[in-house]
Each structure stands twice: as structure tokens, then as C-alpha cells.
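Source file: start-v2.cif (mmCIF, C-alpha atoms and all ligand atoms)
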data_upload
loop_
_atom_site.label_atom_id
_atom_site.label_comp_id
_atom_site.auth_asym_id
_atom_site.auth_seq_id
_atom_site.Cartn_x
_atom_site.Cartn_y
_atom_site.Cartn_z
CA MET A 300 9.84 -10.19 8.84
CA GLY A 301 12.17 -7.32 9.68
CA ILE A 302 11.40 -3.80 10.81
CA ILE A 303 12.30 -0.88 8.54
CA GLU A 304 13.07 2.52 10.03
CA THR A 305 12.95 5.84 8.20
CA GLU A 306 13.44 9.38 9.44
CA ARG A 307 9.93 9.64 10.90
CA LEU A 308 8.49 6.13 10.61
CA ILE A 309 8.80 2.59 11.89
CA LEU A 310 7.47 0.06 9.39
CA ARG A 311 6.68 -3.09 11.29
CA PRO A 312 4.34 -6.07 11.28
CA PHE A 313 0.87 -5.45 12.71
CA THR A 314 0.01 -7.04 16.06
CA HIS A 315 -3.35 -7.61 17.70
CA ASP A 316 -2.69 -4.47 19.76
CA ASP A 317 -3.34 -2.55 16.51
CA ALA A 318 -6.80 -4.09 16.03
CA GLU A 319 -8.79 -1.01 17.12
CA ARG A 320 -6.84 1.25 14.77
CA VAL A 321 -7.13 -1.26 11.93
CA LEU A 322 -10.89 -1.37 12.50
CA ASP A 323 -11.07 2.43 12.61
CA ILE A 324 -9.32 2.63 9.23
CA HIS A 325 -11.16 -0.20 7.45
CA SER A 326 -14.63 0.70 8.67
CA ARG A 327 -14.49 4.01 6.76
CA ILE A 328 -16.02 4.15 3.31
CA GLU A 329 -13.65 7.00 2.34
CA VAL A 330 -10.77 4.51 2.67
CA VAL A 331 -12.43 1.25 1.63
CA ARG A 332 -13.90 2.65 -1.58
CA TRP A 333 -10.36 3.12 -2.94
CA ILE A 334 -8.78 -0.16 -1.86
CA SER A 335 -11.35 -2.77 -2.84
CA ASP A 336 -13.88 -3.68 -5.50
CA PRO A 337 -17.58 -2.88 -5.28
CA PRO A 338 -19.72 -3.71 -3.44
CA PHE A 339 -17.58 -2.07 -0.78
CA VAL A 340 -17.78 -3.98 2.50
CA LEU A 341 -16.68 -2.19 5.65
CA MET A 342 -14.85 -4.02 8.42
CA ALA A 343 -17.43 -4.77 11.08
CA ASP A 344 -15.66 -5.62 14.32
CA LEU A 345 -12.43 -6.35 16.17
CA ASP A 346 -12.55 -10.05 15.26
CA GLU A 347 -12.35 -9.05 11.59
CA ALA A 348 -9.52 -6.67 12.37
CA ARG A 349 -7.55 -9.42 14.12
CA ALA A 350 -8.17 -11.81 11.21
CA TRP A 351 -6.95 -9.11 8.78
CA ILE A 352 -3.78 -8.71 10.89
CA ASP A 353 -3.22 -12.48 11.05
CA ASN A 354 -3.57 -12.68 7.28
CA TRP A 355 -0.62 -10.31 6.81
CA ASN A 356 1.56 -12.22 9.24
CA THR A 357 1.12 -15.75 7.88
CA GLY A 358 1.91 -17.53 4.65
CA ASP A 359 4.28 -16.21 2.02
CA VAL A 360 5.73 -13.23 3.96
CA GLY A 361 8.99 -11.67 2.75
CA PRO A 362 10.52 -8.64 1.03
CA ALA A 363 8.28 -9.01 -2.02
CA SER A 364 5.13 -9.93 -0.16
CA CYS A 365 4.26 -8.03 3.00
CA GLY A 366 1.89 -5.60 4.62
CA LEU A 367 3.41 -3.42 7.30
CA ALA A 368 2.04 -0.93 9.79
CA ILE A 369 3.26 2.62 9.23
CA GLU A 370 3.96 3.72 12.80
CA VAL A 371 4.85 7.35 13.41
CA ARG A 372 7.96 7.24 15.59
CA ASP A 373 7.23 10.39 17.64
CA THR A 374 3.65 9.49 18.57
CA GLY A 375 3.37 5.72 18.22
CA VAL A 376 0.25 6.24 16.11
CA VAL A 377 -0.31 3.79 13.27
CA ALA A 378 -0.87 6.06 10.27
CA GLY A 379 -1.83 3.24 7.93
CA THR A 380 -0.48 0.38 5.85
CA VAL A 381 2.16 0.02 3.17
CA MET A 382 2.37 -3.22 1.22
CA ILE A 383 3.87 -5.19 -1.59
CA THR A 384 1.70 -8.02 -2.81
CA LYS A 385 1.42 -10.48 -5.66
CA VAL A 386 -1.12 -9.35 -8.24
CA PRO A 387 -4.25 -11.52 -8.31
CA ASN A 388 -5.79 -13.67 -11.01
CA THR A 389 -2.58 -14.58 -12.81
CA ASP A 390 0.15 -17.20 -12.83
CA TYR A 391 2.73 -14.48 -13.49
CA ASP A 392 4.77 -13.45 -10.48
CA GLU A 393 4.08 -9.71 -10.74
CA ARG A 394 4.18 -7.54 -7.61
CA GLN A 395 2.33 -4.37 -6.76
CA VAL A 396 2.98 -1.71 -4.18
CA GLY A 397 0.12 -0.12 -2.27
CA TRP A 398 -0.70 2.19 0.61
CA HIS A 399 -3.60 3.49 2.62
CA LEU A 400 -3.71 5.87 5.53
CA HIS A 401 -6.18 6.84 8.24
CA PRO A 402 -7.69 10.19 7.20
CA ASP A 403 -6.11 11.77 10.29
CA SER A 404 -2.65 10.90 8.90
CA VAL A 405 -3.02 12.13 5.31
CA GLY A 406 -1.02 15.16 4.19
CA CYS A 407 2.20 14.43 6.07
CA GLY A 408 4.19 12.51 3.44
CA TYR A 409 3.95 9.22 5.30
CA ALA A 410 2.81 7.05 2.34
CA THR A 411 5.69 8.22 0.15
CA GLU A 412 8.25 7.94 2.96
CA ALA A 413 7.05 4.40 3.75
CA ALA A 414 6.94 3.14 0.17
CA ILE A 415 10.54 4.06 -0.72
CA PRO A 416 12.36 1.58 1.56
CA LEU A 417 9.79 -1.13 0.89
CA ILE A 418 10.39 -0.87 -2.87
CA ASP A 419 14.17 -0.63 -2.26
CA ARG A 420 14.02 -3.85 -0.28
CA ALA A 421 11.92 -5.70 -2.86
CA PHE A 422 14.36 -4.82 -5.64
CA ALA A 423 17.33 -5.73 -3.43
CA ALA A 424 15.72 -9.15 -2.98
CA GLY A 425 15.63 -9.66 -6.75
CA LEU A 426 12.30 -8.26 -7.92
CA ASP A 427 12.42 -7.25 -11.63
CA GLU A 428 9.56 -4.76 -11.80
CA ILE A 429 7.06 -3.10 -9.49
CA TRP A 430 3.48 -2.22 -10.48
CA CYS A 431 1.18 0.26 -8.84
CA GLY A 432 -2.48 0.34 -9.86
CA MET A 433 -5.37 2.51 -8.78
CA TYR A 434 -8.84 3.68 -9.74
CA PRO A 435 -8.44 6.18 -12.60
CA ASP A 436 -9.76 9.05 -10.45
CA ASN A 437 -7.60 8.34 -7.38
CA GLU A 438 -5.58 11.54 -7.64
CA PRO A 439 -4.04 11.33 -4.13
CA SER A 440 -2.66 7.87 -4.87
CA ALA A 441 -1.41 8.93 -8.31
CA ALA A 442 0.34 11.82 -6.58
CA VAL A 443 2.15 9.36 -4.29
CA ALA A 444 3.27 7.28 -7.30
CA THR A 445 4.39 10.47 -9.03
CA ARG A 446 6.34 11.62 -5.97
CA LEU A 447 8.04 8.22 -5.98
CA ARG A 448 8.90 8.85 -9.65
CA LEU A 449 7.28 5.65 -10.84
CA ILE A 450 6.48 5.81 -14.55
CA ASP A 451 2.90 6.70 -15.44
CA ARG A 452 1.47 4.17 -17.92
CA GLY A 453 -1.87 5.95 -18.04
CA ILE A 454 -5.38 4.57 -17.79
CA VAL A 455 -5.49 1.10 -19.33
CA PRO A 456 -7.74 -1.98 -19.36
CA ASP A 457 -6.79 -3.59 -16.07
CA PRO A 458 -4.74 -6.75 -16.59
CA TRP A 459 -5.85 -8.27 -13.27
CA TYR A 460 -8.96 -6.50 -12.02
CA GLU A 461 -12.27 -5.55 -13.68
CA GLY A 462 -12.51 -2.39 -15.77
CA TYR A 463 -9.92 0.33 -16.33
CA SER A 464 -7.18 1.39 -13.93
CA ARG A 465 -4.34 3.85 -13.86
CA TYR A 466 -0.99 2.10 -13.68
CA PHE A 467 2.50 3.19 -12.73
CA THR A 468 5.50 0.87 -13.06
CA ALA A 469 9.25 0.80 -12.59
CA THR A 470 11.86 -1.80 -13.38
CA ALA A 471 14.74 -2.26 -10.99
CA GLU A 472 16.92 -0.18 -13.30
CA GLU A 473 14.32 2.59 -13.68
CA TRP A 474 13.93 2.70 -9.89
CA ALA A 475 17.67 2.90 -9.34
CA ASN A 476 18.04 5.70 -11.92
CA ARG A 477 14.94 7.71 -11.09
C1 LIG B 1 -3.52 7.71 -1.20
C2 LIG B 1 -3.08 8.29 0.15
C3 LIG B 1 -2.24 7.25 0.89
C4 LIG B 1 -2.25 9.55 -0.11
O1 LIG B 1 -1.92 10.12 1.14
P1 LIG B 1 -1.08 11.49 1.19
O2 LIG B 1 -0.91 11.82 2.62
O3 LIG B 1 -1.68 12.51 0.29
O4 LIG B 1 0.30 11.08 0.55
P2 LIG B 1 1.71 11.21 1.26
O5 LIG B 1 1.68 10.45 2.52
O6 LIG B 1 2.74 10.88 0.27
O7 LIG B 1 1.76 12.76 1.64
C5 LIG B 1 1.91 13.76 0.67
C6 LIG B 1 1.26 15.03 1.17
O8 LIG B 1 1.82 15.37 2.44
C7 LIG B 1 2.36 16.70 2.37
N1 LIG B 1 3.45 16.81 3.36
C8 LIG B 1 3.33 17.49 4.54
N2 LIG B 1 4.45 17.35 5.24
C9 LIG B 1 5.31 16.60 4.51
C10 LIG B 1 6.63 16.13 4.71
N3 LIG B 1 7.31 16.42 5.84
N4 LIG B 1 7.21 15.37 3.76
C11 LIG B 1 6.54 15.07 2.64
N5 LIG B 1 5.26 15.48 2.39
C12 LIG B 1 4.66 16.25 3.33
C13 LIG B 1 2.72 16.87 0.92
O9 LIG B 1 2.83 18.24 0.57
C14 LIG B 1 1.52 16.21 0.26
O10 LIG B 1 0.39 17.04 0.37
P3 LIG B 1 -0.36 17.63 -0.94
O11 LIG B 1 -0.86 16.43 -1.71
O12 LIG B 1 -1.44 18.45 -0.35
O13 LIG B 1 0.70 18.38 -1.68
C15 LIG B 1 -4.31 8.67 1.03
O14 LIG B 1 -5.05 9.66 0.38
C16 LIG B 1 -5.23 7.49 1.33
O15 LIG B 1 -4.94 6.69 2.21
N6 LIG B 1 -6.34 7.39 0.56
C17 LIG B 1 -7.32 6.33 0.78
C18 LIG B 1 -6.80 4.97 0.40
C19 LIG B 1 -6.20 4.94 -1.00
O16 LIG B 1 -6.67 5.57 -1.91
N7 LIG B 1 -5.14 4.11 -1.15
C20 LIG B 1 -4.51 3.91 -2.43
C21 LIG B 1 -5.24 2.90 -3.24
S1 LIG B 1 -4.53 2.71 -4.86
#
Please render this file's structure as C-alpha cells.
Amino acid sequence: MGIIETERLILRPFTHDDAERVLDIHSRIEVVRWISDPPFVLMADLDEARAWIDNWNTGDVGPASCGLAIEVRDTGVVAGTVMITKVPNTDYDERQVGWHLHPDSVGCGYATEAAIPLIDRAFAAGLDEIWCGMYPDNEPSAAVATRLRLIDRGIVPDPWYEGYSRYFTATAEEWANR
């Protein structure tokens, strides 16, 4: 799994050296309540953090299925995670892009800067369309999708998760012409 470099960021696989930071991020309700289904379960310890890291680095890992650490080049701090994953609960091979940051790294443009090359790479590898779903009231995440110029499909019955979600999408052509 290659490393991607942007102006300010190094997108790279997580290692066990990141476990404390991963735990710090995933043991916060203000992060977890946006990236999982209720009941929200906070990460409890470093063993769970290492298992979470291992999960990203094994199995079907490639341009259209990966979770990478967003490392800030100047400081070495891991700001958060950017990912492309298969959507759940379906036989269709749809992919979604996602992101989450430590609260100390919000407001710097890192999620948007990290998502662009990841989506570029997925389309270059042959992906037809990218999806991006979120809780209907997740305005910060909708703002990232809007900055990326993904197309807002509004709040719809979720095709893969329970309830309603806000979805953004882009085909390869729409992404190239955005
Ligand atoms: C969703 C989330 C990743 C958005 O983070 P974010 O920092 O607002 O988004 P970006 O990284 O794209 O940064 C954009 C912000 O940085 C600001 N910024 C500062 N310096 C910047 C720079 N050099 N370049 C670009 N933007 C910059 C922008 O103005 C913008 O701030 P604003 O919203 O106040 O106008 C973050 O809120 C989060 O992790 N939330 C919890 C988890 C979550 O909801 N994940 C998504 C689940 S669907």
C-alpha cells in the first residue's frame, strides 16, 4: 500500500506506533458519534487501537479499499484518518470515501486535502463512482464534501445503513470535470 504525499500531508498506513493517537481519537464521543451507529462504543484501550490498525492493514487493501493515517508533514502529528471502503450490507461493489480528525486538527483543511488524492487514485484504478454518506446534521462533513465538489444528493433513505443519511456522489467523469 503506497504512501501519498500532498503539500502539507503524508498519507500512509497506520503502524502500532500510532496506537496512542488512534486511541485518543476513537475514545472521544465527539468523534465516535459521527462515525458509527448507536449505541456508540468508545475505544477502550491500546489493544483495541492496535487491533483497529491491524484491521486496516490486512485483507483487501488497495486503491479502492484503504484507511490511511493523515500525518502532518511539518509536525509528524497524525491528524486523523482518510479512507475509501466498500459499502456494507450489499453485494454491489460500491465504494465510499470518509474522514475523521482529532479535534485538535480540525479547521486546517486536512480532511479535504487528504481526500482529493485518495479519490484521484481510486478513479485511476478504475472505480466508476464514489459515494459519501453522513448523518443528516453532520454539517462539517457536508462542508468537506462540498469543498471537494461532490454532488449533493440530499437527505435520503439510507441504502446501506439504518434511517436517513445525507449523500454526496461523483462519477469518474463528474470528478474529472468538477
Ligand atoms: C468532518 C471533519 C473531518 C471536518 O473537518 P474540517 O477540519 O472542518 O474539514 P477540513 O479538514 O476540510 O478543513 C476545512 C476548514 O479548515 C479551514 N482552513 C484553515 N486553513 C486552511 C487551509 N490552509 N486550507 C484549507 N482549509 C483551511 C477552512 O476554512 C475550513 O474551516 P471552516 O469550516 O471554519 O470554514 C471533522 O469535523 C471531524 O473529524 N468530525 C468528526 C468525525 C466526522 O464527522 N467524520 C465524518 C463522518 S461522515
- Message: Using only C-alpha atoms and all ligand atoms, which residues have at least one atom no more than 8 Å from ligand LIG 1 (chain B)? Output them as a PyMOL selection string.
- Response: chain A and resi 329-334+379+397-402+404-412+431-434+437-443+446
- Message: Measuring between all atoms listed in the file, which one of A:Lys385, A:Arg327, A:His315, A:Arg420 shows the shortest distance to A:Gly301?
- Response: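 Of A:Lys385, A:Arg327, A:His315, A:Arg420, the one nearest A:Gly301, counting all atoms listed in the file, is A:Arg420.
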- Distance criterion (all atoms listed in the file): nearest to A:Gly462 out of A:Gly366, A:Pro337, A:Val377, A:Ala423: A:Pro337
- Item | Using all atoms listed in the file: which of A:Asp353, A:Asp390, A:Glu347, A:Glu306 has the shortest distance to A:Asp373 | A:Glu306
- Distance query A:Ile415 at most 10 Å, all atoms listed in the file, self and fewer than 6 positions along chain excluded, as a ChimeraX atom specification: /A:305,447,474
- Query: If you count all atoms listed in the file, which residues fall within 12 Å of A:Asp457, apart from same-chain ones fewer than 3 positions away, as a list in words?
  - Reply: Val386, Pro387, Asn388, Trp430, Cys431, Gly432, Met433, Tyr434, Pro435, Arg452, Gly453, Ile454, Tyr460, Glu461, Gly462, Tyr463, Ser464, Arg465, Tyr466 and Phe467 of chain A
- From the set A:Ala469, A:Leu308, A:Val340, A:Ile302, which residue has the shortest atom-to-atom contact distance to A:Gly375, counting all atoms listed in the file?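 Closest to A:Gly375, using all atoms listed in the file: A:Leu308.
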- Task: Find the distance between atom CA of A:Ala444 and atom CA of A:Glu319 and write it in Å to one decimal.
- Result: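 Answer for the atom CA of A:Ala444 to atom CA of A:Glu319 separation: 28.5 Å.
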- Message: Using Å and a single decimal, report how far atom CA of A:Leu417 sits from atom CA of A:Ala471.
- Response: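 If I compute the distance from atom CA of A:Ala471 to atom CA of A:Leu417, I get 12.9 Å.
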- Message: If I take atom CA of A:Thr468 and atom CA of A:Arg448, how far is one from the other in Å, to one decimal?
- Response: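 Those two atoms sit 9.3 Å apart.
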- Quick one: of A:Ser364, A:Asn356, A:Ser326, A:Thr314, who's nearest to A:Asp392, counting all atoms listed in the file?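 Counting all atoms listed in the file, the residue closest to A:Asp392 is A:Ser364.
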Incomplete stretch 383-414 of chain A filled out to N, CA and C atoms as a PDB file, in the frame of the given file:
ATOM      1  N   ILE A 383       3.522  -4.650  -0.273  1.00  0.00           N
ATOM      2  CA  ILE A 383       3.870  -5.190  -1.590  1.00  0.00           C
ATOM      3  C   ILE A 383       3.224  -6.562  -1.662  1.00  0.00           C
ATOM      4  N   THR A 384       2.442  -6.764  -2.708  1.00  0.00           N
ATOM      5  CA  THR A 384       1.700  -8.020  -2.810  1.00  0.00           C
ATOM      6  C   THR A 384       1.770  -8.559  -4.231  1.00  0.00           C
ATOM      7  N   LYS A 385       1.539  -9.848  -4.350  1.00  0.00           N
ATOM      8  CA  LYS A 385       1.420 -10.480  -5.660  1.00  0.00           C
ATOM      9  C   LYS A 385       0.116 -10.010  -6.291  1.00  0.00           C
ATOM     10  N   VAL A 386       0.138  -9.736  -7.582  1.00  0.00           N
ATOM     11  CA  VAL A 386      -1.120  -9.350  -8.240  1.00  0.00           C
ATOM     12  C   VAL A 386      -2.015 -10.580  -8.332  1.00  0.00           C
ATOM     13  N   PRO A 387      -3.338 -10.379  -8.317  1.00  0.00           N
ATOM     14  CA  PRO A 387      -4.250 -11.520  -8.310  1.00  0.00           C
ATOM     15  C   PRO A 387      -4.537 -12.041  -9.712  1.00  0.00           C
ATOM     16  N   ASN A 388      -5.191 -13.151  -9.770  1.00  0.00           N
ATOM     17  CA  ASN A 388      -5.790 -13.670 -11.010  1.00  0.00           C
ATOM     18  C   ASN A 388      -4.784 -13.902 -12.118  1.00  0.00           C
ATOM     19  N   THR A 389      -3.579 -14.306 -11.786  1.00  0.00           N
ATOM     20  CA  THR A 389      -2.580 -14.580 -12.810  1.00  0.00           C
ATOM     21  C   THR A 389      -1.562 -15.583 -12.290  1.00  0.00           C
ATOM     22  N   ASP A 390      -0.944 -16.305 -13.213  1.00  0.00           N
ATOM     23  CA  ASP A 390       0.150 -17.200 -12.830  1.00  0.00           C
ATOM     24  C   ASP A 390       1.471 -16.445 -12.822  1.00  0.00           C
ATOM     25  N   TYR A 391       1.482 -15.244 -13.457  1.00  0.00           N
ATOM     26  CA  TYR A 391       2.730 -14.480 -13.490  1.00  0.00           C
ATOM     27  C   TYR A 391       3.047 -13.943 -12.116  1.00  0.00           C
ATOM     28  N   ASP A 392       4.339 -13.844 -11.813  1.00  0.00           N
ATOM     29  CA  ASP A 392       4.770 -13.450 -10.480  1.00  0.00           C
ATOM     30  C   ASP A 392       4.979 -11.941 -10.407  1.00  0.00           C
ATOM     31  N   GLU A 393       3.970 -11.169 -10.779  1.00  0.00           N
ATOM     32  CA  GLU A 393       4.080  -9.710 -10.740  1.00  0.00           C
ATOM     33  C   GLU A 393       3.755  -9.202  -9.333  1.00  0.00           C
ATOM     34  N   ARG A 394       4.404  -8.107  -8.945  1.00  0.00           N
ATOM     35  CA  ARG A 394       4.180  -7.540  -7.610  1.00  0.00           C
ATOM     36  C   ARG A 394       3.707  -6.104  -7.717  1.00  0.00           C
ATOM     37  N   GLN A 395       2.847  -5.733  -6.786  1.00  0.00           N
ATOM     38  CA  GLN A 395       2.330  -4.370  -6.760  1.00  0.00           C
ATOM     39  C   GLN A 395       2.596  -3.746  -5.405  1.00  0.00           C
ATOM     40  N   VAL A 396       2.809  -2.452  -5.427  1.00  0.00           N
ATOM     41  CA  VAL A 396       2.980  -1.710  -4.180  1.00  0.00           C
ATOM     42  C   VAL A 396       1.688  -0.948  -3.897  1.00  0.00           C
ATOM     43  N   GLY A 397       1.344  -0.836  -2.625  1.00  0.00           N
ATOM     44  CA  GLY A 397       0.120  -0.120  -2.270  1.00  0.00           C
ATOM     45  C   GLY A 397       0.255   0.555  -0.914  1.00  0.00           C
ATOM     46  N   TRP A 398      -0.741   1.410  -0.633  1.00  0.00           N
ATOM     47  CA  TRP A 398      -0.700   2.190   0.610  1.00  0.00           C
ATOM     48  C   TRP A 398      -2.098   2.664   0.937  1.00  0.00           C
ATOM     49  N   HIS A 399      -2.393   2.755   2.204  1.00  0.00           N
ATOM     50  CA  HIS A 399      -3.600   3.490   2.620  1.00  0.00           C
ATOM     51  C   HIS A 399      -3.391   3.986   4.040  1.00  0.00           C
ATOM     52  N   LEU A 400      -3.912   5.180   4.255  1.00  0.00           N
ATOM     53  CA  LEU A 400      -3.710   5.870   5.530  1.00  0.00           C
ATOM     54  C   LEU A 400      -5.056   6.152   6.203  1.00  0.00           C
ATOM     55  N   HIS A 401      -5.036   6.276   7.529  1.00  0.00           N
ATOM     56  CA  HIS A 401      -6.180   6.840   8.240  1.00  0.00           C
ATOM     57  C   HIS A 401      -6.323   8.291   7.784  1.00  0.00           C
ATOM     58  N   PRO A 402      -7.554   8.785   7.622  1.00  0.00           N
ATOM     59  CA  PRO A 402      -7.690  10.190   7.200  1.00  0.00           C
ATOM     60  C   PRO A 402      -6.965  11.169   8.113  1.00  0.00           C
ATOM     61  N   ASP A 403      -6.800  10.828   9.386  1.00  0.00           N
ATOM     62  CA  ASP A 403      -6.110  11.770  10.290  1.00  0.00           C
ATOM     63  C   ASP A 403      -4.591  11.820  10.038  1.00  0.00           C
ATOM     64  N   SER A 404      -4.091  10.951   9.158  1.00  0.00           N
ATOM     65  CA  SER A 404      -2.650  10.900   8.900  1.00  0.00           C
ATOM     66  C   SER A 404      -2.285  11.246   7.466  1.00  0.00           C
ATOM     67  N   VAL A 405      -3.265  11.700   6.690  1.00  0.00           N
ATOM     68  CA  VAL A 405      -3.020  12.130   5.310  1.00  0.00           C
ATOM     69  C   VAL A 405      -2.397  13.534   5.350  1.00  0.00           C
ATOM     70  N   GLY A 406      -1.573  13.810   4.333  1.00  0.00           N
ATOM     71  CA  GLY A 406      -1.020  15.160   4.190  1.00  0.00           C
ATOM     72  C   GLY A 406       0.261  15.395   4.954  1.00  0.00           C
ATOM     73  N   CYS A 407       0.931  14.312   5.330  1.00  0.00           N
ATOM     74  CA  CYS A 407       2.200  14.430   6.070  1.00  0.00           C
ATOM     75  C   CYS A 407       3.374  13.810   5.315  1.00  0.00           C
ATOM     76  N   GLY A 408       3.113  13.169   4.190  1.00  0.00           N
ATOM     77  CA  GLY A 408       4.190  12.510   3.440  1.00  0.00           C
ATOM     78  C   GLY A 408       4.485  11.094   3.889  1.00  0.00           C
ATOM     79  N   TYR A 409       3.635  10.538   4.741  1.00  0.00           N
ATOM     80  CA  TYR A 409       3.950   9.220   5.300  1.00  0.00           C
ATOM     81  C   TYR A 409       3.888   8.103   4.249  1.00  0.00           C
ATOM     82  N   ALA A 410       2.925   8.141   3.325  1.00  0.00           N
ATOM     83  CA  ALA A 410       2.810   7.050   2.340  1.00  0.00           C
ATOM     84  C   ALA A 410       4.062   7.013   1.462  1.00  0.00           C
ATOM     85  N   THR A 411       4.498   8.166   1.008  1.00  0.00           N
ATOM     86  CA  THR A 411       5.690   8.220   0.150  1.00  0.00           C
ATOM     87  C   THR A 411       6.928   7.788   0.930  1.00  0.00           C
ATOM     88  N   GLU A 412       7.069   8.295   2.149  1.00  0.00           N
ATOM     89  CA  GLU A 412       8.250   7.940   2.960  1.00  0.00           C
ATOM     90  C   GLU A 412       8.280   6.441   3.257  1.00  0.00           C
ATOM     91  N   ALA A 413       7.108   5.833   3.440  1.00  0.00           N
ATOM     92  CA  ALA A 413       7.050   4.400   3.750  1.00  0.00           C
ATOM     93  C   ALA A 413       7.318   3.532   2.525  1.00  0.00           C
ATOM     94  N   ALA A 414       6.837   3.986   1.365  1.00  0.00           N
ATOM     95  CA  ALA A 414       6.940   3.140   0.170  1.00  0.00           C
ATOM     96  C   ALA A 414       8.387   3.022  -0.324  1.00  0.00           C
TER      97      ALA A 414
END
